[in-house]
Amino acid sequence: MSKSLKVLAVDDDMINLKLLKSMLMKNDDIGEVIEAKNGADAISVLKERHDIDMILLDIIMPVMGGLEMLQIVRADEHLKQLPIIVLTTDETKKTEALEIGANGFLMKPVRAADVAKKISELTI
Ligand SMILES: [Mg+2]
């Protein structure tokens, strides 16, 4: 399982996205990080690539936010099992995110150890 996971990281803040990517690339289980800048962009990636193992998803984004994207993924026959961890600064969104099908919820700024723990929980 070492270096085998392909993770789709979705965030409209390019600095956050780069920081998240560099954090994820230090994780021994992760072999590739694919970036998307909003929910619509992420859906396009999922249509092109069928090898994504997990999504890390920001909530507040232009064009399509994270919760809307989450609903689309959970309604899609081929994508609905994909593990999704929501990352946000807004703790009030936690219940809603989990209710519509997030597998995990982490508060920003995320810590590498917390991300690694969630990823390992979801990939057993
Ligand atoms: Mg955002």
# chains A, B, ... in the order shown; residues from 1 in each chain; ligands from 1
call {"tool": "residues_near_ligand", "arguments": {"ligand": "ligand 1", "cutoff": "9 Å", "atoms": "only C-alpha atoms and all ligand atoms", "output": "ChimeraX atom specification"}}
result
/A:10-13,16,37-38,58-62,65-66,88-89
call {"tool": "select_by_dssp", "arguments": {"residues": "region 60-111 of chain A", "states": "strand (DSSP E)", "output": "list in words"}}
result
Ile84, Ile85, Val86, Leu87, Thr88, Gly104, Phe105, Leu106 and Met107 of chain A
call {"tool": "write_last_selection", "arguments": {"atoms": "C-alpha atoms", "output": "mmCIF file, in the first residue's frame"}}
result
data_model
loop_
_atom_site.group_PDB
_atom_site.id
_atom_site.type_symbol
_atom_site.label_atom_id
_atom_site.label_comp_id
_atom_site.auth_asym_id
_atom_site.auth_seq_id
_atom_site.Cartn_x
_atom_site.Cartn_y
_atom_site.Cartn_z
ATOM 1 C CA ILE A 84 -14.134 12.386 1.058
ATOM 2 C CA ILE A 85 -12.588 14.422 3.858
ATOM 3 C CA VAL A 86 -13.912 17.970 4.189
ATOM 4 C CA LEU A 87 -11.423 20.673 5.206
ATOM 5 C CA THR A 88 -12.752 23.992 6.439
ATOM 6 C CA GLY A 104 -14.328 12.927 7.738
ATOM 7 C CA PHE A 105 -14.032 16.562 8.720
ATOM 8 C CA LEU A 106 -10.860 18.486 9.590
ATOM 9 C CA MET A 107 -10.499 22.086 10.706
#
call {"tool": "residues_around", "arguments": {"residues": "Lys18 (chain A)", "least_positions_apart": "6", "cutoff": "10 Å", "atoms": "only C-alpha atoms", "output": "PyMOL selection string"}}
result
chain A and resi 9+11+24+35
call {"tool": "write_last_selection", "arguments": {"atoms": "N, CA and C atoms", "output": "compact mmCIF listing (two decimals), in the first residue's frame"}}
result
# COMPACT_ATOMS: atom_id res chain seq x y z
N ALA A 9 -7.00 16.83 -4.36
CA ALA A 9 -7.07 17.93 -3.40
C ALA A 9 -7.79 19.10 -4.06
N ASP A 11 -9.21 22.97 -3.59
CA ASP A 11 -9.24 24.22 -2.82
C ASP A 11 -9.06 25.39 -3.78
N LEU A 24 0.81 16.43 1.76
CA LEU A 24 0.35 15.09 1.36
C LEU A 24 1.47 14.28 0.72
N GLU A 35 -4.59 18.23 -8.31
CA GLU A 35 -5.18 19.46 -7.79
C GLU A 35 -6.41 19.87 -8.59
call {"tool": "closest_residue", "arguments": {"among": "A:Lys6, A:His50, A:Lys108, A:Lys94", "to": "Glu32 (chain A)", "atoms": "only C-alpha atoms"}}
result
A:Lys6
